[in-house]
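Undergrad: The structure file my_file.txt (compact mmCIF, N, CA, C and O atoms) is provided below.
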# COMPACT_ATOMS: atom_id res chain seq x y z
N THR H 1 -6.83 57.77 40.43
CA THR H 1 -7.44 56.92 39.42
C THR H 1 -6.75 55.56 39.43
O THR H 1 -5.55 55.48 39.23
N PRO H 2 -7.50 54.49 39.69
CA PRO H 2 -6.86 53.17 39.74
C PRO H 2 -6.41 52.71 38.36
O PRO H 2 -7.02 53.05 37.34
N ASN H 3 -5.33 51.95 38.35
CA ASN H 3 -4.82 51.40 37.09
C ASN H 3 -5.70 50.25 36.62
O ASN H 3 -6.22 49.48 37.43
N VAL H 4 -5.83 50.14 35.30
CA VAL H 4 -6.70 49.13 34.69
C VAL H 4 -5.94 48.40 33.60
O VAL H 4 -5.24 49.03 32.80
N ASN H 5 -6.09 47.08 33.57
CA ASN H 5 -5.66 46.27 32.43
C ASN H 5 -6.92 45.82 31.72
O ASN H 5 -7.90 45.45 32.37
N LEU H 6 -6.90 45.80 30.39
CA LEU H 6 -8.04 45.37 29.61
C LEU H 6 -7.61 44.20 28.73
O LEU H 6 -6.62 44.29 28.00
N TYR H 7 -8.37 43.10 28.83
CA TYR H 7 -8.10 41.89 28.06
C TYR H 7 -9.34 41.56 27.24
O TYR H 7 -10.43 42.03 27.53
N GLU H 8 -9.15 40.70 26.23
CA GLU H 8 -10.28 40.27 25.40
C GLU H 8 -10.14 38.79 25.10
O GLU H 8 -9.05 38.30 24.80
N THR H 9 -11.28 38.08 25.19
CA THR H 9 -11.37 36.71 24.73
C THR H 9 -12.40 36.69 23.61
O THR H 9 -13.00 37.72 23.28
N ASP H 10 -12.65 35.50 23.05
CA ASP H 10 -13.68 35.41 22.01
C ASP H 10 -15.06 35.73 22.56
O ASP H 10 -15.92 36.23 21.84
N ALA H 11 -15.27 35.48 23.87
CA ALA H 11 -16.60 35.63 24.45
C ALA H 11 -16.80 36.90 25.28
O ALA H 11 -17.94 37.28 25.54
N ALA H 12 -15.71 37.54 25.72
CA ALA H 12 -15.88 38.66 26.66
C ALA H 12 -14.67 39.57 26.68
O ALA H 12 -13.58 39.21 26.22
N TYR H 13 -14.89 40.76 27.25
CA TYR H 13 -13.81 41.66 27.61
C TYR H 13 -13.59 41.49 29.11
O TYR H 13 -14.55 41.30 29.87
N LEU H 14 -12.36 41.54 29.56
CA LEU H 14 -12.04 41.41 30.98
C LEU H 14 -11.25 42.64 31.42
O LEU H 14 -10.26 43.00 30.78
N LEU H 15 -11.71 43.26 32.47
CA LEU H 15 -10.99 44.39 33.06
C LEU H 15 -10.44 43.95 34.40
O LEU H 15 -11.15 43.32 35.18
N CYS H 16 -9.21 44.29 34.65
CA CYS H 16 -8.58 44.04 35.95
C CYS H 16 -8.21 45.40 36.52
O CYS H 16 -7.45 46.14 35.91
N VAL H 17 -8.77 45.72 37.69
CA VAL H 17 -8.56 47.03 38.30
C VAL H 17 -7.77 46.86 39.60
O VAL H 17 -8.16 46.07 40.46
N ASP H 18 -6.68 47.58 39.73
CA ASP H 18 -5.85 47.51 40.92
C ASP H 18 -6.48 48.34 42.03
O ASP H 18 -6.46 49.56 42.00
N LEU H 19 -7.04 47.63 43.03
CA LEU H 19 -7.69 48.30 44.15
C LEU H 19 -7.12 47.80 45.48
O LEU H 19 -7.85 47.64 46.47
N ALA H 20 -5.83 47.57 45.51
CA ALA H 20 -5.19 47.09 46.73
C ALA H 20 -5.49 48.03 47.89
O ALA H 20 -5.40 49.25 47.76
N GLY H 21 -5.88 47.45 49.02
CA GLY H 21 -6.17 48.23 50.20
C GLY H 21 -7.55 48.83 50.26
O GLY H 21 -7.88 49.55 51.20
N VAL H 22 -8.39 48.57 49.26
CA VAL H 22 -9.75 49.11 49.25
C VAL H 22 -10.71 48.04 49.77
O VAL H 22 -10.70 46.90 49.30
N ASP H 23 -11.55 48.41 50.76
CA ASP H 23 -12.56 47.48 51.25
C ASP H 23 -13.59 47.24 50.17
O ASP H 23 -14.04 48.17 49.49
N LYS H 24 -13.99 45.98 50.02
CA LYS H 24 -14.98 45.60 49.01
C LYS H 24 -16.26 46.43 49.14
O LYS H 24 -16.87 46.82 48.15
N GLU H 25 -16.64 46.74 50.38
CA GLU H 25 -17.87 47.50 50.62
C GLU H 25 -17.77 48.95 50.16
O GLU H 25 -18.76 49.65 50.06
N LYS H 26 -16.56 49.41 49.88
CA LYS H 26 -16.36 50.81 49.46
C LYS H 26 -16.18 50.94 47.95
O LYS H 26 -15.69 51.96 47.47
N ILE H 27 -16.57 49.89 47.21
CA ILE H 27 -16.46 49.90 45.75
C ILE H 27 -17.86 49.97 45.16
O ILE H 27 -18.73 49.18 45.53
N ASP H 28 -18.08 50.90 44.25
CA ASP H 28 -19.36 51.05 43.58
C ASP H 28 -19.13 50.91 42.08
O ASP H 28 -18.27 51.60 41.52
N LEU H 29 -19.88 50.03 41.45
CA LEU H 29 -19.76 49.78 40.02
C LEU H 29 -21.10 50.03 39.37
O LEU H 29 -22.12 49.51 39.82
N GLU H 30 -21.12 50.86 38.34
CA GLU H 30 -22.37 51.23 37.67
C GLU H 30 -22.16 51.21 36.16
O GLU H 30 -21.09 51.57 35.67
N VAL H 31 -23.19 50.77 35.44
CA VAL H 31 -23.16 50.82 33.98
C VAL H 31 -24.22 51.82 33.56
O VAL H 31 -25.40 51.69 33.90
N ARG H 32 -23.77 52.85 32.83
CA ARG H 32 -24.69 53.88 32.36
C ARG H 32 -24.37 54.14 30.89
O ARG H 32 -23.24 54.47 30.55
N ASP H 33 -25.38 53.99 30.04
CA ASP H 33 -25.20 54.11 28.60
C ASP H 33 -24.11 53.12 28.18
O ASP H 33 -24.21 51.96 28.46
N GLN H 34 -23.07 53.56 27.54
CA GLN H 34 -21.98 52.67 27.12
C GLN H 34 -20.74 52.87 28.00
O GLN H 34 -19.63 52.71 27.56
N ARG H 35 -20.98 53.25 29.25
CA ARG H 35 -19.88 53.51 30.18
C ARG H 35 -19.97 52.63 31.41
O ARG H 35 -21.03 52.45 31.99
N LEU H 36 -18.81 52.12 31.80
CA LEU H 36 -18.68 51.40 33.06
C LEU H 36 -18.04 52.39 34.03
O LEU H 36 -16.95 52.91 33.77
N ILE H 37 -18.75 52.71 35.12
CA ILE H 37 -18.29 53.73 36.05
C ILE H 37 -17.93 53.05 37.37
O ILE H 37 -18.76 52.36 37.97
N LEU H 38 -16.70 53.25 37.79
CA LEU H 38 -16.19 52.66 39.02
C LEU H 38 -15.86 53.79 39.99
O LEU H 38 -15.16 54.74 39.62
N ARG H 39 -16.41 53.70 41.21
CA ARG H 39 -16.13 54.71 42.24
C ARG H 39 -15.79 54.00 43.54
O ARG H 39 -16.22 52.87 43.77
N GLY H 40 -15.07 54.69 44.38
CA GLY H 40 -14.76 54.11 45.67
C GLY H 40 -13.91 55.03 46.50
O GLY H 40 -13.71 56.20 46.18
N ALA H 41 -13.40 54.46 47.60
CA ALA H 41 -12.55 55.21 48.51
C ALA H 41 -11.50 54.29 49.09
O ALA H 41 -11.79 53.15 49.45
N ARG H 42 -10.29 54.79 49.15
CA ARG H 42 -9.19 54.06 49.78
C ARG H 42 -8.74 54.90 50.98
O ARG H 42 -8.44 56.09 50.84
N THR H 43 -8.71 54.27 52.14
CA THR H 43 -8.28 54.98 53.34
C THR H 43 -6.75 54.95 53.44
O THR H 43 -6.09 54.13 52.80
N VAL H 44 -6.23 55.81 54.25
CA VAL H 44 -4.79 55.82 54.51
C VAL H 44 -4.47 54.51 55.25
O VAL H 44 -5.15 54.17 56.22
N PRO H 45 -3.48 53.77 54.78
CA PRO H 45 -3.13 52.54 55.48
C PRO H 45 -2.79 52.83 56.94
O PRO H 45 -2.07 53.77 57.24
N ALA H 46 -3.36 52.01 57.83
CA ALA H 46 -3.12 52.19 59.25
C ALA H 46 -2.42 50.97 59.82
O ALA H 46 -2.68 49.84 59.40
N HIS H 47 -1.56 51.22 60.76
CA HIS H 47 -0.87 50.12 61.42
C HIS H 47 -1.81 49.54 62.47
O HIS H 47 -2.52 50.28 63.15
N THR H 48 -1.83 48.23 62.63
CA THR H 48 -2.76 47.59 63.57
C THR H 48 -2.08 47.30 64.90
O THR H 48 -0.86 47.40 65.04
N ASP H 49 -2.89 46.90 65.84
CA ASP H 49 -2.38 46.54 67.16
C ASP H 49 -1.70 45.17 67.17
O ASP H 49 -1.27 44.70 68.21
N ASP H 50 -1.62 44.53 66.03
CA ASP H 50 -0.93 43.23 65.94
C ASP H 50 0.56 43.38 66.21
O ASP H 50 1.25 42.41 66.49
N GLU H 51 1.07 44.57 66.08
CA GLU H 51 2.50 44.84 66.28
C GLU H 51 2.62 45.75 67.52
O GLU H 51 2.77 46.96 67.40
N PRO H 52 2.55 45.18 68.72
CA PRO H 52 2.50 46.01 69.93
C PRO H 52 3.70 46.93 70.11
O PRO H 52 3.55 48.04 70.62
N GLU H 53 4.88 46.53 69.70
CA GLU H 53 6.06 47.38 69.86
C GLU H 53 5.96 48.65 69.05
O GLU H 53 6.39 49.71 69.46
N ILE H 54 5.37 48.54 67.86
CA ILE H 54 5.25 49.71 66.98
C ILE H 54 4.03 50.54 67.34
O ILE H 54 4.10 51.76 67.39
N SER H 55 2.90 49.88 67.65
CA SER H 55 1.66 50.61 67.86
C SER H 55 1.67 51.46 69.13
O SER H 55 0.88 52.37 69.26
N LYS H 56 2.58 51.18 70.08
CA LYS H 56 2.60 52.00 71.29
C LYS H 56 3.41 53.30 71.09
O LYS H 56 3.47 54.13 71.98
N HIS H 57 4.01 53.46 69.94
CA HIS H 57 4.76 54.68 69.63
C HIS H 57 3.99 55.54 68.65
O HIS H 57 3.26 55.04 67.80
N ARG H 58 4.20 56.82 68.75
CA ARG H 58 3.57 57.75 67.81
C ARG H 58 4.31 57.68 66.48
O ARG H 58 5.54 57.70 66.44
N LEU H 59 3.55 57.61 65.39
CA LEU H 59 4.16 57.53 64.05
C LEU H 59 4.21 58.91 63.42
O LEU H 59 3.25 59.66 63.46
N ARG H 60 5.35 59.24 62.84
CA ARG H 60 5.50 60.47 62.07
C ARG H 60 5.66 60.07 60.60
O ARG H 60 6.39 59.15 60.27
N VAL H 61 4.97 60.79 59.73
CA VAL H 61 5.01 60.49 58.30
C VAL H 61 6.24 61.17 57.68
O VAL H 61 6.43 62.39 57.83
N HIS H 62 7.04 60.38 56.97
CA HIS H 62 8.19 60.93 56.25
C HIS H 62 7.97 60.88 54.74
O HIS H 62 8.53 61.68 54.01
N LEU H 63 7.16 59.92 54.31
CA LEU H 63 6.90 59.75 52.88
C LEU H 63 5.54 59.10 52.73
O LEU H 63 5.22 58.14 53.44
N MET H 64 4.70 59.59 51.83
CA MET H 64 3.39 59.00 51.60
C MET H 64 3.14 58.93 50.10
O MET H 64 2.77 59.93 49.48
N GLU H 65 3.39 57.77 49.51
CA GLU H 65 3.22 57.57 48.07
C GLU H 65 1.98 56.75 47.74
O GLU H 65 1.57 56.72 46.59
N ILE H 66 1.40 56.06 48.71
CA ILE H 66 0.22 55.24 48.44
C ILE H 66 -0.99 56.15 48.36
O ILE H 66 -1.31 56.87 49.32
N ASP H 67 -1.65 56.14 47.20
CA ASP H 67 -2.82 56.99 46.99
C ASP H 67 -3.91 56.63 47.98
O ASP H 67 -4.12 55.47 48.31
N HIS H 68 -4.65 57.65 48.42
CA HIS H 68 -5.79 57.44 49.29
C HIS H 68 -6.83 58.50 48.99
O HIS H 68 -6.55 59.49 48.33
N GLY H 69 -8.05 58.25 49.44
CA GLY H 69 -9.14 59.18 49.20
C GLY H 69 -10.12 58.62 48.19
O GLY H 69 -10.08 57.44 47.83
N LEU H 70 -11.02 59.47 47.75
CA LEU H 70 -12.04 59.07 46.77
C LEU H 70 -11.41 58.88 45.41
O LEU H 70 -10.46 59.58 45.05
N PHE H 71 -11.94 57.93 44.64
CA PHE H 71 -11.45 57.73 43.28
C PHE H 71 -12.61 57.38 42.37
O PHE H 71 -13.68 56.97 42.82
N SER H 72 -12.39 57.57 41.08
CA SER H 72 -13.37 57.13 40.07
C SER H 72 -12.61 56.81 38.79
O SER H 72 -11.53 57.33 38.54
N ARG H 73 -13.21 55.95 38.02
CA ARG H 73 -12.63 55.56 36.73
C ARG H 73 -13.79 55.24 35.81
O ARG H 73 -14.73 54.55 36.19
N VAL H 74 -13.74 55.76 34.59
CA VAL H 74 -14.79 55.51 33.59
C VAL H 74 -14.14 54.79 32.42
O VAL H 74 -13.11 55.21 31.91
N VAL H 75 -14.78 53.67 32.01
CA VAL H 75 -14.29 52.89 30.88
C VAL H 75 -15.41 52.85 29.84
O VAL H 75 -16.54 52.47 30.15
N GLU H 76 -15.09 53.28 28.63
CA GLU H 76 -16.06 53.23 27.54
C GLU H 76 -16.22 51.77 27.10
O GLU H 76 -15.22 51.09 26.86
N LEU H 77 -17.46 51.32 26.98
CA LEU H 77 -17.73 49.95 26.55
C LEU H 77 -18.02 49.89 25.06
O LEU H 77 -18.69 50.79 24.52
N PRO H 78 -17.56 48.85 24.38
CA PRO H 78 -17.93 48.67 22.97
C PRO H 78 -19.43 48.44 22.84
O PRO H 78 -20.11 48.08 23.81
N ARG H 79 -19.96 48.60 21.66
CA ARG H 79 -21.40 48.43 21.43
C ARG H 79 -21.83 46.96 21.49
O ARG H 79 -22.97 46.66 21.75
N ASN H 80 -20.91 46.04 21.26
CA ASN H 80 -21.27 44.63 21.15
C ASN H 80 -21.19 43.88 22.49
O ASN H 80 -20.74 42.75 22.56
N VAL H 81 -21.64 44.52 23.60
CA VAL H 81 -21.59 43.87 24.90
C VAL H 81 -23.00 43.70 25.48
O VAL H 81 -23.92 44.43 25.12
N GLU H 82 -23.12 42.72 26.37
CA GLU H 82 -24.38 42.48 27.08
C GLU H 82 -24.26 43.09 28.46
O GLU H 82 -23.83 42.44 29.42
N LYS H 83 -24.66 44.36 28.57
CA LYS H 83 -24.46 45.12 29.81
C LYS H 83 -25.16 44.49 31.01
O LYS H 83 -24.67 44.56 32.13
N GLU H 84 -26.29 43.84 30.79
CA GLU H 84 -27.05 43.26 31.90
C GLU H 84 -26.41 41.97 32.44
O GLU H 84 -26.82 41.47 33.48
N ARG H 85 -25.39 41.44 31.78
CA ARG H 85 -24.73 40.21 32.23
C ARG H 85 -23.32 40.45 32.76
O ARG H 85 -22.56 39.50 32.98
N ILE H 86 -22.96 41.69 33.02
CA ILE H 86 -21.63 42.00 33.55
C ILE H 86 -21.52 41.45 34.97
O ILE H 86 -22.45 41.59 35.78
N ILE H 87 -20.39 40.80 35.25
CA ILE H 87 -20.15 40.28 36.60
C ILE H 87 -18.78 40.77 37.08
O ILE H 87 -17.89 41.05 36.28
N ALA H 88 -18.64 40.87 38.40
CA ALA H 88 -17.38 41.34 38.98
C ALA H 88 -16.99 40.45 40.15
O ALA H 88 -17.86 39.97 40.89
N HIS H 89 -15.69 40.23 40.30
CA HIS H 89 -15.13 39.47 41.41
C HIS H 89 -13.98 40.26 42.00
O HIS H 89 -13.16 40.80 41.26
N TYR H 90 -13.91 40.31 43.32
CA TYR H 90 -12.85 41.05 44.01
C TYR H 90 -12.04 40.06 44.84
O TYR H 90 -12.57 39.39 45.72
N ARG H 91 -10.75 39.94 44.50
CA ARG H 91 -9.89 39.04 45.27
C ARG H 91 -8.46 39.55 45.23
O ARG H 91 -7.99 40.05 44.20
N ASN H 92 -7.81 39.44 46.37
CA ASN H 92 -6.41 39.85 46.51
C ASN H 92 -6.15 41.29 46.05
O ASN H 92 -5.13 41.57 45.43
N GLY H 93 -7.11 42.18 46.30
CA GLY H 93 -6.92 43.58 45.96
C GLY H 93 -7.13 43.92 44.50
O GLY H 93 -6.89 45.05 44.09
N MET H 94 -7.58 42.94 43.71
CA MET H 94 -7.84 43.18 42.29
C MET H 94 -9.33 42.96 42.01
O MET H 94 -9.90 41.95 42.43
N LEU H 95 -9.93 43.90 41.31
CA LEU H 95 -11.32 43.77 40.89
C LEU H 95 -11.33 43.29 39.44
O LEU H 95 -10.80 43.98 38.56
N TRP H 96 -11.89 42.11 39.21
CA TRP H 96 -12.01 41.55 37.87
C TRP H 96 -13.44 41.73 37.40
O TRP H 96 -14.37 41.30 38.07
N ILE H 97 -13.60 42.39 36.25
CA ILE H 97 -14.93 42.65 35.70
C ILE H 97 -15.01 41.95 34.36
O ILE H 97 -14.19 42.20 33.46
N GLU H 98 -16.00 41.08 34.22
CA GLU H 98 -16.21 40.37 32.97
C GLU H 98 -17.40 40.98 32.25
O GLU H 98 -18.50 41.07 32.78
N VAL H 99 -17.15 41.41 31.02
CA VAL H 99 -18.17 42.06 30.19
C VAL H 99 -18.41 41.18 28.98
O VAL H 99 -17.64 41.19 28.01
N PRO H 100 -19.50 40.35 29.01
CA PRO H 100 -19.76 39.42 27.91
C PRO H 100 -20.07 40.14 26.60
O PRO H 100 -20.72 41.18 26.59
N LYS H 101 -19.64 39.53 25.52
CA LYS H 101 -19.97 40.06 24.18
C LYS H 101 -21.31 39.50 23.74
O LYS H 101 -21.75 38.46 24.21
N LYS H 102 -21.97 40.22 22.81
CA LYS H 102 -23.24 39.73 22.23
C LYS H 102 -22.95 38.66 21.23
O LYS H 102 -21.93 38.58 20.62
Can you give me the file's structure in the form of structure tokens?
TA:
Amino acid sequence: TPNVNLYETDAAYLLCVDLAGVDKEKIDLEVRDQRLILRGARTVPAHTDDEPEISKHRLRVHLMEIDHGLFSRVVELPRNVEKERIIAHYRNGMLWIEVPKK
């Protein structure tokens, strides 16, 4: 379950979701009833061929703390929001969701 920060301004609620390492194309955002539903998948971080000295050796895992796999998160929305005007921006591994108030 990704971590979420929730902020509020006079005009909107702002959610910041930590999705570091998740491809934008693997994020699904849905609004159903008074719920904001976030789903996606994070793959196991892979080392690239940019580091030829490391990539030519076989890697053995000693510790794996970075979450991977399918995830979902549901956030209950207040009644005073305009669900049809919700917008989202993904940058630097953070998904920012703006939920305008009525």
Undergrad: Considering all atoms listed in the file, return as a JSON list (two decimals) with N, CA, C and O atoms, keeping the file's coordinate frame whatever protein or nucleic-acid residues lie within 6 Å of stretch 10-18 of chain H, sequence-local ones (same chain, fewer than 5 positions apart) excluded.
TA:
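So the final result, stored in result-v9.json, reads:
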[["chain", "number", "residue", "atom", "x", "y", "z"],
["H", 2, "PRO", "N", -7.50, 54.49, 39.69],
["H", 2, "PRO", "CA", -6.86, 53.17, 39.74],
["H", 2, "PRO", "C", -6.41, 52.71, 38.36],
["H", 2, "PRO", "O", -7.02, 53.05, 37.34],
["H", 3, "ASN", "N", -5.33, 51.95, 38.35],
["H", 3, "ASN", "CA", -4.82, 51.40, 37.09],
["H", 3, "ASN", "C", -5.70, 50.25, 36.62],
["H", 3, "ASN", "O", -6.22, 49.48, 37.43],
["H", 4, "VAL", "N", -5.83, 50.14, 35.30],
["H", 4, "VAL", "CA", -6.70, 49.13, 34.69],
["H", 4, "VAL", "C", -5.94, 48.40, 33.60],
["H", 4, "VAL", "O", -5.24, 49.03, 32.80],
["H", 5, "ASN", "N", -6.09, 47.08, 33.57],
["H", 5, "ASN", "CA", -5.66, 46.27, 32.43],
["H", 5, "ASN", "C", -6.92, 45.82, 31.72],
["H", 5, "ASN", "O", -7.90, 45.45, 32.37],
["H", 93, "GLY", "N", -7.11, 42.18, 46.30],
["H", 93, "GLY", "CA", -6.92, 43.58, 45.96],
["H", 93, "GLY", "C", -7.13, 43.92, 44.50],
["H", 93, "GLY", "O", -6.89, 45.05, 44.09],
["H", 94, "MET", "N", -7.58, 42.94, 43.71],
["H", 94, "MET", "CA", -7.84, 43.18, 42.29],
["H", 94, "MET", "C", -9.33, 42.96, 42.01],
["H", 94, "MET", "O", -9.90, 41.95, 42.43],
["H", 95, "LEU", "N", -9.93, 43.90, 41.31],
["H", 95, "LEU", "CA", -11.32, 43.77, 40.89],
["H", 95, "LEU", "C", -11.33, 43.29, 39.44],
["H", 95, "LEU", "O", -10.80, 43.98, 38.56],
["H", 96, "TRP", "N", -11.89, 42.11, 39.21],
["H", 96, "TRP", "CA", -12.01, 41.55, 37.87],
["H", 96, "TRP", "C", -13.44, 41.73, 37.40],
["H", 96, "TRP", "O", -14.37, 41.30, 38.07],
["H", 97, "ILE", "N", -13.60, 42.39, 36.25],
["H", 97, "ILE", "CA", -14.93, 42.65, 35.70],
["H", 97, "ILE", "C", -15.01, 41.95, 34.36],
["H", 97, "ILE", "O", -14.19, 42.20, 33.46],
["H", 98, "GLU", "N", -16.00, 41.08, 34.22],
["H", 98, "GLU", "CA", -16.21, 40.37, 32.97],
["H", 98, "GLU", "C", -17.40, 40.98, 32.25],
["H", 98, "GLU", "O", -18.50, 41.07, 32.78],
["H", 99, "VAL", "N", -17.15, 41.41, 31.02],
["H", 99, "VAL", "CA", -18.17, 42.06, 30.19],
["H", 99, "VAL", "C", -18.41, 41.18, 28.98],
["H", 99, "VAL", "O", -17.64, 41.19, 28.01],
["H", 100, "PRO", "N", -19.50, 40.35, 29.01],
["H", 100, "PRO", "CA", -19.76, 39.42, 27.91],
["H", 100, "PRO", "C", -20.07, 40.14, 26.60],
["H", 100, "PRO", "O", -20.72, 41.18, 26.59],
["H", 101, "LYS", "N", -19.64, 39.53, 25.52],
["H", 101, "LYS", "CA", -19.97, 40.06, 24.18],
["H", 101, "LYS", "C", -21.31, 39.50, 23.74],
["H", 101, "LYS", "O", -21.75, 38.46, 24.21],
["H", 102, "LYS", "N", -21.97, 40.22, 22.81],
["H", 102, "LYS", "CA", -23.24, 39.73, 22.23],
["H", 102, "LYS", "C", -22.95, 38.66, 21.23],
["H", 102, "LYS", "O", -21.93, 38.58, 20.62]]
Undergrad: From the set H:Ala41, H:Leu70, H:Val61, H:Val81, which residue has the shortest atom-to-atom contact distance to H:Ile27, counting only N, CA, C and O atoms?
TA: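 For H:Ile27, the nearest of the given residues is H:Ala41.
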Undergrad: Fewer than 6 positions away in the same chain doesn't count, so skip those; otherwise give me all residues within 6 Å of H:Leu36, counting only C-alpha atoms, as a list in words.
TA: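 Counting only C-alpha atoms, the residues come to Glu30, Val74 and Val75 of chain H.
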Undergrad: Extract the full set of helix (DSSP H, G or I) residues from chain H according to DSSP on the backbone, and format it as a list in words.
TA: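 Those in chain H that DSSP calls helix (DSSP H, G or I) are Lys24, Glu25, Lys26, Pro52, Glu53, Ile54, Ser55, Lys83, Glu84 and Arg85 of chain H.
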Undergrad: Of the candidates H:Leu29, H:Val22, H:Leu6, H:Ile86, which one gets nearest to H:Arg42 if we count only N, CA, C and O atoms?
TA: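 Ranking H:Leu29, H:Val22, H:Leu6, H:Ile86 by distance to H:Arg42, first place goes to H:Val22.
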Undergrad: If you measure from atom C of H:Ala20 to atom C of H:Glu82, what distance in Å do you get, rounded to one decimal?
TA: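 Between these atoms lies a distance of 27.5 Å.
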Undergrad: Taking only N, CA, C and O atoms into account, which of H:Leu59, H:Ile87, H:Ile37, H:Ala46 comes nearest H:Phe71?
TA: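 Ranking H:Leu59, H:Ile87, H:Ile37, H:Ala46 by distance to H:Phe71, first place goes to H:Ile37.
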Undergrad: Out of H:Leu19, H:Leu38, H:Val44, H:Ala88, which residue has the shortest atom-to-atom distance to H:Glu65 when counting only C-alpha atoms?
TA: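 Counting only C-alpha atoms, the residue closest to H:Glu65 is H:Val44.
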Undergrad: Give the strand (DSSP E or B) residues of chain H, as DSSP finds them on the backbone, and put them as a ChimeraX atom specification.
TA: /H:4-8,12-18,27-32,35-42,69-76,81,87-91,94-101
Undergrad: So the first atom is atom N of H:Lys24 and the second is atom C of H:Asp67; what is the distance between them in Å, to one decimal place?
TA: 14.8 Å
